[in-house]
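Text of coords.pdb (PDB, C-alpha atoms and all ligand atoms) as supplied:
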ATOM      1  CA  MET H 188      63.780  15.404 -20.430
ATOM      2  CA  THR H 189      64.792  16.454 -16.914
ATOM      3  CA  PHE H 190      61.660  15.518 -14.957
ATOM      4  CA  THR H 191      59.244  12.676 -15.644
ATOM      5  CA  GLU H 192      56.429  13.292 -18.099
ATOM      6  CA  ASP H 193      53.869  13.172 -15.300
ATOM      7  CA  ALA H 194      55.662  15.312 -12.695
ATOM      8  CA  LEU H 195      52.959  18.001 -13.072
ATOM      9  CA  LYS H 196      50.185  15.855 -14.515
ATOM     10  CA  GLY H 197      46.688  17.174 -13.825
ATOM     11  CA  ARG H 198      47.922  20.621 -12.831
ATOM     12  CA  VAL H 199      46.889  23.850 -14.524
ATOM     13  CA  ALA H 200      49.297  26.765 -14.477
ATOM     14  CA  VAL H 201      49.055  30.426 -15.400
ATOM     15  CA  ILE H 202      52.346  31.978 -16.457
ATOM     16  CA  THR H 203      52.418  35.738 -16.946
ATOM     17  CA  GLY H 204      54.989  36.935 -19.429
ATOM     18  CA  GLY H 205      54.684  33.408 -20.805
ATOM     19  CA  GLY H 206      55.257  34.358 -24.435
ATOM     20  CA  GLY H 207      59.037  34.628 -24.250
ATOM     21  CA  GLY H 208      62.198  34.520 -22.156
ATOM     22  CA  ILE H 209      62.074  32.871 -18.745
ATOM     23  CA  GLY H 210      58.261  32.633 -18.821
ATOM     24  CA  PHE H 211      58.280  30.646 -22.040
ATOM     25  CA  GLY H 212      61.134  28.489 -20.744
ATOM     26  CA  ILE H 213      58.954  27.620 -17.749
ATOM     27  CA  ALA H 214      55.995  26.981 -20.071
ATOM     28  CA  LYS H 215      57.958  24.441 -22.124
ATOM     29  CA  ALA H 216      59.214  22.608 -19.044
ATOM     30  CA  PHE H 217      55.713  22.561 -17.536
ATOM     31  CA  ALA H 218      54.205  21.208 -20.762
ATOM     32  CA  ALA H 219      56.889  18.514 -20.891
ATOM     33  CA  ALA H 220      55.976  17.569 -17.317
ATOM     34  CA  GLY H 221      52.272  17.222 -18.162
ATOM     35  CA  ALA H 222      50.772  20.565 -17.004
ATOM     36  CA  ARG H 223      48.118  22.414 -18.956
ATOM     37  CA  LEU H 224      48.877  26.080 -19.439
ATOM     38  CA  VAL H 225      47.423  29.536 -19.696
ATOM     39  CA  LEU H 226      50.008  31.953 -21.056
ATOM     40  CA  ALA H 227      49.380  35.658 -20.494
ATOM     41  CA  SER H 228      51.188  38.572 -22.080
ATOM     42  CA  ARG H 229      50.582  41.996 -23.577
ATOM     43  CA  ASN H 230      51.877  40.772 -26.910
ATOM     44  CA  GLU H 231      49.252  38.644 -28.690
ATOM     45  CA  GLU H 232      51.542  37.736 -31.592
ATOM     46  CA  ARG H 233      54.257  36.417 -29.295
ATOM     47  CA  LEU H 234      51.660  34.451 -27.370
ATOM     48  CA  GLN H 235      50.353  32.751 -30.487
ATOM     49  CA  GLY H 236      53.884  31.700 -31.460
ATOM     50  CA  ALA H 237      54.428  30.283 -27.974
ATOM     51  CA  ILE H 238      51.152  28.336 -28.038
ATOM     52  CA  LYS H 239      52.050  26.836 -31.411
ATOM     53  CA  GLU H 240      55.396  25.672 -30.085
ATOM     54  CA  ILE H 241      53.811  24.133 -26.967
ATOM     55  CA  GLU H 242      51.229  22.350 -29.105
ATOM     56  CA  GLY H 243      54.018  21.185 -31.413
ATOM     57  CA  MET H 244      55.628  19.391 -28.501
ATOM     58  CA  GLY H 245      52.325  17.708 -27.630
ATOM     59  CA  GLY H 246      51.360  20.133 -24.850
ATOM     60  CA  GLU H 247      48.102  21.932 -24.111
ATOM     61  CA  ALA H 248      48.017  25.712 -23.762
ATOM     62  CA  ILE H 249      45.800  28.708 -24.340
ATOM     63  CA  ALA H 250      46.685  32.376 -24.640
ATOM     64  CA  VAL H 251      45.117  35.355 -22.896
ATOM     65  CA  GLN H 252      46.204  38.835 -23.854
ATOM     66  CA  ALA H 253      46.617  40.851 -20.647
ATOM     67  CA  ASP H 254      48.603  43.633 -19.011
ATOM     68  CA  VAL H 255      49.474  42.751 -15.398
ATOM     69  CA  ARG H 256      49.251  46.455 -14.487
ATOM     70  CA  ASN H 257      45.499  46.127 -14.873
ATOM     71  CA  TYR H 258      43.782  44.071 -12.129
ATOM     72  CA  ASP H 259      40.743  43.363 -14.322
ATOM     73  CA  ASP H 260      43.032  41.842 -16.957
ATOM     74  CA  VAL H 261      44.669  39.569 -14.390
ATOM     75  CA  ALA H 262      41.279  38.540 -12.974
ATOM     76  CA  ARG H 263      40.162  37.683 -16.521
ATOM     77  CA  VAL H 264      43.225  35.442 -16.977
ATOM     78  CA  VAL H 265      42.353  33.504 -13.820
ATOM     79  CA  LYS H 266      38.695  33.271 -14.822
ATOM     80  CA  THR H 267      39.673  31.922 -18.245
ATOM     81  CA  ALA H 268      41.968  29.306 -16.686
ATOM     82  CA  VAL H 269      39.276  28.030 -14.323
ATOM     83  CA  GLY H 270      36.561  28.313 -17.009
ATOM     84  CA  THR H 271      38.608  26.349 -19.539
ATOM     85  CA  TYR H 272      40.254  23.696 -17.412
ATOM     86  CA  GLY H 273      38.079  23.646 -14.262
ATOM     87  CA  THR H 274      40.932  24.393 -11.862
ATOM     88  CA  LEU H 275      43.998  26.543 -11.255
ATOM     89  CA  ASP H 276      46.857  24.979  -9.310
ATOM     90  CA  VAL H 277      49.837  27.191 -10.078
ATOM     91  CA  MET H 278      50.245  30.927 -10.622
ATOM     92  CA  ILE H 279      53.636  32.111 -11.804
ATOM     93  CA  ALA H 280      53.994  35.892 -11.624
ATOM     94  CA  ASN H 281      56.827  36.210 -14.088
ATOM     95  CA  ALA H 282      55.972  39.282 -16.181
ATOM     96  CA  ALA H 283      58.495  42.040 -15.572
ATOM     97  CA  GLY H 284      59.804  45.228 -17.069
ATOM     98  CA  ASN H 285      63.213  46.753 -16.566
ATOM     99  CA  PHE H 286      65.685  49.140 -18.179
ATOM    100  CA  VAL H 287      68.919  50.725 -17.103
ATOM    101  CA  VAL H 288      68.737  54.372 -16.035
ATOM    102  CA  PRO H 289      70.566  56.072 -13.131
ATOM    103  CA  ALA H 290      68.204  57.055 -10.324
ATOM    104  CA  ALA H 291      69.165  60.722 -10.614
ATOM    105  CA  GLU H 292      67.906  60.722 -14.219
ATOM    106  CA  MET H 293      64.904  58.426 -13.773
ATOM    107  CA  SER H 294      61.562  60.111 -14.493
ATOM    108  CA  PRO H 295      58.793  59.579 -11.962
ATOM    109  CA  ASN H 296      56.820  57.809 -14.671
ATOM    110  CA  ALA H 297      59.724  55.453 -15.448
ATOM    111  CA  TRP H 298      59.844  54.531 -11.735
ATOM    112  CA  LYS H 299      56.080  54.051 -11.601
ATOM    113  CA  THR H 300      55.998  51.956 -14.775
ATOM    114  CA  VAL H 301      58.383  49.311 -13.439
ATOM    115  CA  ILE H 302      56.829  49.298  -9.950
ATOM    116  CA  ASP H 303      53.425  48.834 -11.585
ATOM    117  CA  ILE H 304      54.511  45.876 -13.697
ATOM    118  CA  ASP H 305      56.813  44.112 -11.249
ATOM    119  CA  LEU H 306      55.398  44.776  -7.780
ATOM    120  CA  ASN H 307      51.755  45.699  -8.323
ATOM    121  CA  GLY H 308      51.427  43.078 -11.078
ATOM    122  CA  THR H 309      52.726  40.376  -8.742
ATOM    123  CA  PHE H 310      50.244  41.323  -6.032
ATOM    124  CA  TYR H 311      47.404  41.351  -8.571
ATOM    125  CA  CYS H 312      48.373  37.815  -9.686
ATOM    126  CA  ALA H 313      48.399  36.567  -6.097
ATOM    127  CA  ARG H 314      45.164  38.285  -5.152
ATOM    128  CA  ALA H 315      43.237  37.150  -8.233
ATOM    129  CA  ALA H 316      44.496  33.561  -8.029
ATOM    130  CA  HIS H 317      43.995  33.045  -4.276
ATOM    131  CA  PRO H 318      40.477  31.511  -4.315
ATOM    132  CA  ALA H 319      41.376  29.030  -7.057
ATOM    133  CA  LEU H 320      44.761  28.143  -5.546
ATOM    134  CA  LYS H 321      43.034  27.508  -2.220
ATOM    135  CA  ASP H 322      40.775  24.976  -3.962
ATOM    136  CA  SER H 323      43.636  23.150  -5.706
ATOM    137  CA  LYS H 324      43.631  19.461  -4.850
ATOM    138  CA  PHE H 325      47.431  19.447  -5.168
ATOM    139  CA  GLY H 326      47.990  22.366  -2.795
ATOM    140  CA  GLY H 327      48.259  25.650  -4.677
ATOM    141  CA  ARG H 328      51.582  27.121  -5.694
ATOM    142  CA  PHE H 329      52.369  30.805  -6.106
ATOM    143  CA  ILE H 330      55.774  31.632  -7.519
ATOM    144  CA  ALA H 331      57.159  35.115  -8.068
ATOM    145  CA  ILE H 332      60.385  35.937  -9.849
ATOM    146  CA  SER H 333      62.793  38.038  -7.790
ATOM    147  CA  THR H 334      66.533  38.723  -7.931
ATOM    148  CA  THR H 335      69.386  38.619  -5.428
ATOM    149  CA  ARG H 336      70.033  42.228  -6.476
ATOM    150  CA  ALA H 337      66.910  43.217  -4.573
ATOM    151  CA  LEU H 338      68.685  43.045  -1.234
ATOM    152  CA  GLU H 339      72.153  44.170  -2.239
ATOM    153  CA  GLY H 340      71.017  47.235  -4.195
ATOM    154  CA  TRP H 341      70.988  47.448  -7.990
ATOM    155  CA  PRO H 342      72.746  50.535  -9.371
ATOM    156  CA  GLY H 343      71.085  51.478 -12.679
ATOM    157  CA  CYS H 344      67.877  49.631 -11.841
ATOM    158  CA  ALA H 345      66.561  51.323  -8.678
ATOM    159  CA  HIS H 346      62.970  50.731  -9.756
ATOM    160  CA  ALA H 347      63.327  47.006 -10.458
ATOM    161  CA  GLY H 348      65.496  46.420  -7.374
ATOM    162  CA  ALA H 349      62.936  48.080  -5.108
ATOM    163  CA  ALA H 350      60.063  46.242  -6.773
ATOM    164  CA  LYS H 351      61.774  42.878  -6.373
ATOM    165  CA  ALA H 352      62.563  43.618  -2.706
ATOM    166  CA  GLY H 353      58.849  44.351  -2.286
ATOM    167  CA  ILE H 354      58.041  41.044  -3.956
ATOM    168  CA  MET H 355      60.299  39.177  -1.521
ATOM    169  CA  SER H 356      58.475  40.799   1.384
ATOM    170  CA  LEU H 357      55.095  40.048  -0.160
ATOM    171  CA  ILE H 358      55.973  36.363  -0.542
ATOM    172  CA  ARG H 359      56.980  36.172   3.120
ATOM    173  CA  THR H 360      53.668  37.693   4.161
ATOM    174  CA  LEU H 361      51.618  35.473   1.864
ATOM    175  CA  THR H 362      53.464  32.396   3.138
ATOM    176  CA  GLY H 363      52.307  33.272   6.651
ATOM    177  CA  GLU H 364      48.755  34.098   5.633
ATOM    178  CA  TRP H 365      48.096  31.394   3.025
ATOM    179  CA  GLY H 366      49.874  28.356   4.446
ATOM    180  CA  LYS H 367      46.619  27.419   6.157
ATOM    181  CA  ASP H 368      45.023  27.382   2.683
ATOM    182  CA  GLY H 369      47.606  24.869   1.478
ATOM    183  CA  ILE H 370      49.215  27.450  -0.787
ATOM    184  CA  ARG H 371      53.018  27.327  -1.053
ATOM    185  CA  CYS H 372      54.463  30.730  -1.931
ATOM    186  CA  ASN H 373      58.093  31.025  -3.016
ATOM    187  CA  THR H 374      60.384  33.203  -5.085
ATOM    188  CA  ILE H 375      62.902  32.108  -7.663
ATOM    189  CA  ALA H 376      65.835  34.484  -8.022
ATOM    190  CA  PRO H 377      67.496  34.034 -11.404
ATOM    191  CA  GLY H 378      71.016  35.253 -11.967
ATOM    192  CA  ALA H 379      72.085  36.398 -15.421
ATOM    193  CA  ILE H 380      70.181  34.186 -17.834
ATOM    194  CA  GLY H 381      71.864  34.341 -21.222
ATOM    195  CA  ASP H 382      68.920  33.685 -23.518
ATOM    196  CA  THR H 383      66.761  36.572 -22.266
ATOM    197  CA  GLU H 384      65.920  40.158 -23.189
ATOM    198  CA  GLY H 385      66.958  41.200 -19.671
ATOM    199  CA  VAL H 386      70.604  40.150 -20.082
ATOM    200  CA  LYS H 387      70.719  41.746 -23.521
ATOM    201  CA  ARG H 388      69.451  45.070 -22.172
ATOM    202  CA  ILE H 389      71.146  45.185 -18.813
ATOM    203  CA  TYR H 390      74.549  43.687 -19.599
ATOM    204  CA  GLU H 391      75.193  43.278 -23.327
ATOM    205  CA  ASP H 392      73.771  46.597 -24.568
ATOM    206  CA  ALA H 393      75.499  48.350 -21.661
ATOM    207  CA  GLY H 394      78.887  46.783 -22.602
ATOM    208  CA  ARG H 395      79.067  44.828 -19.348
ATOM    209  CA  ARG H 396      78.906  41.243 -20.688
ATOM    210  CA  GLU H 397      82.481  40.211 -19.834
ATOM    211  CA  HIS H 398      82.414  41.981 -16.468
ATOM    212  CA  GLU H 399      79.219  40.176 -15.541
ATOM    213  CA  LEU H 400      80.526  36.799 -16.679
ATOM    214  CA  SER H 401      83.654  37.220 -14.564
ATOM    215  CA  SER H 402      81.473  37.597 -11.453
ATOM    216  CA  ILE H 403      79.811  34.190 -11.870
ATOM    217  CA  PRO H 404      81.670  31.384 -10.067
ATOM    218  CA  LEU H 405      80.331  28.750 -12.487
ATOM    219  CA  GLY H 406      81.747  30.852 -15.331
ATOM    220  CA  GLU H 407      78.749  31.018 -17.649
ATOM    221  CA  PHE H 408      75.349  32.625 -18.005
ATOM    222  CA  GLY H 409      72.368  30.512 -17.005
ATOM    223  CA  LYS H 410      69.684  29.250 -19.345
ATOM    224  CA  THR H 411      65.923  29.702 -19.135
ATOM    225  CA  ALA H 412      65.741  25.916 -18.644
ATOM    226  CA  ASP H 413      67.685  26.281 -15.378
ATOM    227  CA  ILE H 414      64.965  28.537 -13.959
ATOM    228  CA  ALA H 415      62.248  26.314 -15.391
ATOM    229  CA  ASN H 416      63.674  23.264 -13.609
ATOM    230  CA  ALA H 417      63.486  25.068 -10.265
ATOM    231  CA  ALA H 418      59.862  25.983 -10.999
ATOM    232  CA  VAL H 419      58.918  22.408 -11.920
ATOM    233  CA  PHE H 420      60.472  21.173  -8.679
ATOM    234  CA  LEU H 421      58.560  23.724  -6.562
ATOM    235  CA  CYS H 422      55.248  22.907  -8.253
ATOM    236  CA  SER H 423      55.611  19.122  -8.199
ATOM    237  CA  ASP H 424      54.946  16.806  -5.271
ATOM    238  CA  ALA H 425      58.682  16.968  -4.551
ATOM    239  CA  GLY H 426      58.281  20.645  -3.588
ATOM    240  CA  ALA H 427      55.336  20.098  -1.252
ATOM    241  CA  TYR H 428      57.149  21.199   1.935
ATOM    242  CA  VAL H 429      58.882  24.241   0.476
ATOM    243  CA  ALA H 430      57.205  27.525   1.429
ATOM    244  CA  GLY H 431      58.519  31.034   1.926
ATOM    245  CA  ALA H 432      61.842  30.182   0.273
ATOM    246  CA  ASP H 433      63.978  32.216  -2.092
ATOM    247  CA  ILE H 434      65.387  29.678  -4.521
ATOM    248  CA  VAL H 435      68.521  31.267  -5.945
ATOM    249  CA  VAL H 436      69.514  29.955  -9.391
ATOM    250  CA  ASP H 437      72.505  32.093 -10.328
ATOM    251  CA  GLY H 438      75.605  29.965 -10.843
ATOM    252  CA  GLY H 439      76.863  31.118  -7.451
ATOM    253  CA  ARG H 440      77.016  34.813  -8.447
ATOM    254  CA  ASN H 441      75.516  35.963  -5.204
ATOM    255  CA  ARG H 442      78.166  34.206  -3.104
ATOM    256  CA  GLY H 443      80.965  35.188  -5.449
ATOM    257  CA  ARG H 444      80.033  38.826  -5.094
ATOM    258  CA  ALA H 445      79.628  38.634  -1.361
ATOM    259  CA  SER H 446      83.097  37.122  -0.777
ATOM    260  CA  PRO H 447      85.671  38.652  -3.120
ATOM    261  CA  ILE H 448      89.086  37.020  -2.776
ATOM    262  CA  VAL H 449      91.607  39.716  -2.020
ATOM    263  CA  THR H 450      95.193  38.639  -2.692
ATOM    264  CA  VAL H 451      97.874  40.373  -0.666
ATOM    265  CA  PRO H 452     101.304  40.360  -2.341
ATOM    266  CA  ASN H 453     104.210  38.960  -0.287
ATOM    267  CA  LYS H 454     106.589  41.611   0.994
TER     268      LYS H 454
HETATM  269  N1  LIG H 501      65.456  54.637 -20.087
HETATM  270  C1  LIG H 501      64.855  55.624 -19.395
HETATM  271  N2  LIG H 501      63.513  55.754 -19.266
HETATM  272  C2  LIG H 501      62.756  54.814 -19.885
HETATM  273  C3  LIG H 501      63.310  53.756 -20.644
HETATM  274  C4  LIG H 501      64.735  53.688 -20.730
HETATM  275  N3  LIG H 501      65.358  52.721 -21.421
HETATM  276  N4  LIG H 501      62.296  52.990 -21.121
HETATM  277  C5  LIG H 501      61.152  53.549 -20.686
HETATM  278  N5  LIG H 501      61.432  54.663 -19.951
HETATM  279  C6  LIG H 501      60.489  55.578 -19.344
HETATM  280  C7  LIG H 501      59.747  56.343 -20.411
HETATM  281  O1  LIG H 501      60.483  57.459 -20.853
HETATM  282  C8  LIG H 501      58.469  56.724 -19.673
HETATM  283  O2  LIG H 501      58.669  57.807 -18.807
HETATM  284  P1  LIG H 501      58.236  59.344 -19.228
HETATM  285  O3  LIG H 501      56.755  59.292 -19.453
HETATM  286  O4  LIG H 501      58.648  60.165 -18.066
HETATM  287  O5  LIG H 501      59.005  59.638 -20.496
HETATM  288  C9  LIG H 501      58.210  55.519 -18.777
HETATM  289  O6  LIG H 501      59.474  54.863 -18.630
HETATM  290  C10 LIG H 501      57.236  54.545 -19.385
HETATM  291  O7  LIG H 501      57.740  54.168 -20.669
HETATM  292  P2  LIG H 501      56.808  53.517 -21.793
HETATM  293  O8  LIG H 501      57.671  53.170 -22.963
HETATM  294  O9  LIG H 501      55.619  54.380 -22.015
HETATM  295  O10 LIG H 501      56.308  52.215 -21.027
HETATM  296  P3  LIG H 501      55.737  50.892 -21.580
HETATM  297  O11 LIG H 501      54.656  50.539 -20.656
HETATM  298  O12 LIG H 501      55.388  50.961 -23.028
HETATM  299  O13 LIG H 501      56.966  49.877 -21.469
HETATM  300  C11 LIG H 501      58.551  48.527 -20.358
HETATM  301  C12 LIG H 501      57.797  49.836 -20.338
HETATM  302  C13 LIG H 501      59.451  48.460 -19.143
HETATM  303  C14 LIG H 501      57.588  47.379 -20.260
HETATM  304  C15 LIG H 501      59.384  48.431 -21.641
HETATM  305  O14 LIG H 501      60.637  48.963 -21.419
HETATM  306  C16 LIG H 501      59.478  47.039 -22.208
HETATM  307  O15 LIG H 501      58.706  46.699 -23.072
HETATM  308  N6  LIG H 501      60.388  46.204 -21.757
HETATM  309  C17 LIG H 501      60.539  44.840 -22.275
HETATM  310  C18 LIG H 501      60.346  43.855 -21.220
HETATM  311  C19 LIG H 501      61.494  43.850 -20.318
HETATM  312  O16 LIG H 501      61.895  44.879 -19.802
HETATM  313  N7  LIG H 501      62.043  42.679 -20.084
HETATM  314  C20 LIG H 501      63.140  42.522 -19.195
HETATM  315  C21 LIG H 501      62.667  42.102 -17.855
HETATM  316  S1  LIG H 501      64.039  41.950 -16.759
END
Please rewrite the model in this file as structure tokens.
Ligand code: COA
Amino acid sequence: MTFTEDALKGRVAVITGGGGGIGFGIAKAFAAAGARLVLASRNEERLQGAIKEIEGMGGEAIAVQADVRNYDDVARVVKTAVGTYGTLDVMIANAAGNFVVPAAEMSPNAWKTVIDIDLNGTFYCARAAHPALKDSKFGGRFIAISTTRALEGWPGCAHAGAAKAGIMSLIRTLTGEWGKDGIRCNTIAPGAIGDTEGVKRIYEDAGRREHELSSIPLGEFGKTADIANAAVFLCSDAGAYVAGADIVVDGGRNRGRASPIVTVPNK
């Protein structure tokens, strides 16, 4: 147990992509901290497994099958959350799609697919949740998942890099517009998180595991729990004055990359 059992007590959270990976890691940490959950995903079977596990640990969660590319689906998720629990305090736009393909070979539909899931899906989550978040007695929280790669460029993932850069801009805009509504908008930028599909696809399947590891100052991949802890902090009372921030949770990878140590041999 990292946070107290009541750190998120009384709060209701929607987590898209909540059936697995980082989303499910956040779900478990939120349940352990007393939040009630609505997990949304395209994959109903995965969702049911996730709900069972949350219930097994004494948590409360329901599943809503939804594709974040479809605004009506996202609106239905929000409606179900408010209809079931009477409130919505936290929206975590976590659902994402990504695959490695050089830009010169990327089909227009491949580009559009990732932009639709990552960028459009994040806006849909924000837009649909806004009225409920505004009414939250805790001060609403909107969290989107980004990446430090968004600003440095992401060879092999032009679509996801551009989408995540768009998400960072969106969060800055929403922070300015929705602060008056008490809504705190932030991004969390995970580094390479070892127990996820993303790392498997982007690094392991591409034969880049060791190369990636060597670029992380802390010397190891992160865990979904590391991202979840940042999310619990942002959504708890302790995170009340944090808005418009990019919380980087990457073992120092971003700094390591930015400042390579060049050794010059003595003459
Ligand atoms: N390389 C190149 N192009 C790819 C691709 C790959 N690995 N995977 C998908 N595409 C292209 C398809 O060819 C298609 O383009 P086309 O119509 O020009 O052929 C387009 O992308 C859409 O693919 P499709 O499989 O129909 O999309 P989908 O909606 O079923 O699924 C994802 C797309 C991204 C959601 C899918 O890859 C997926 O399920 N990913 C798992 C989740 C994930 O990525 N997690 C990691 C997050 S970091």
Selection under test: the PyMOL selection byres (((chain H and resi 258-262) around 10) and not hetatm); residues as a PyMOL selection string: chain H and resi 203+227+251-257+263-268+307-316
Close residues to ligand LIG 501 (chain H) using all atoms listed in the file, limit 8 Å, as a list in words: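 Residues lying within 8 Å of ligand LIG 501 (chain H): Ala282, Ala283, Gly284, Asn285, Phe286, Val287, Val288, Glu292, Met293, Ser294, Pro295, Asn296, Ala297, Trp298, Lys299, Thr300, Val301, Ile304, Thr383, Glu384, Gly385, Val386 and Arg388 of chain H.
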From H:Gly378, H:Gly431, H:Gly243, H:Gly197, residue lying nearest Lys215 in chain H [all atoms listed in the file]: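 For Lys215 in chain H, the nearest of the candidates is H:Gly243.
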Cut-off 9 Å around (56.5, 36.5, -8.0) with only C-alpha atoms: residues as a VMD selection string: chain H and resid 278 to 282 305 to 306 308 to 310 312 to 313 329 to 333 351 354 to 355 357 to 358 372 to 375
Which of H:Ile414, H:Val436, H:Ala393, H:Ile403 sits closest to Ala216 in chain H [using only C-alpha atoms]: H:Ile414
Contacts of range 320-324 of chain H within 7 Å, only C-alpha atoms, excl. fewer than 4 positions in-chain, as number ranges by chain: H: 274-277, 316, 328, 368-370
Hits from the PyMOL selection byres (((chain H and resi 219) around 9) and not hetatm), listed as a ChimeraX atom specification: /H:188,190-195,214-218,220-222,241,244-246
Counting all atoms listed in the file, the residue of H:Asn441, H:Ala345, H:Gly208, H:Val199 that sits nearest Lys387 in chain H: H:Gly208
Nearest to Thr411 in chain H by atom-to-atom distance, counting only C-alpha atoms, from H:Ala248, H:Val429, H:Ala379, H:Ala337: H:Ala379
Å distance separating CA of Arg396 in chain H from CA of Ile434 in chain H, one decimal place: 24.0 Å
Residues matched by the PyMOL selection byres (((chain H and resi 341) around 12) and not hetatm) as a PyMOL selection string: chain H and resi 285-290+334-340+342-352+389
Among listed residues H:Ile209, H:Val269, H:Val225, H:Ala291, nearest Asp413 in chain H (using all atoms listed in the file):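 For Asp413 in chain H, the nearest of the candidates is H:Ile209.
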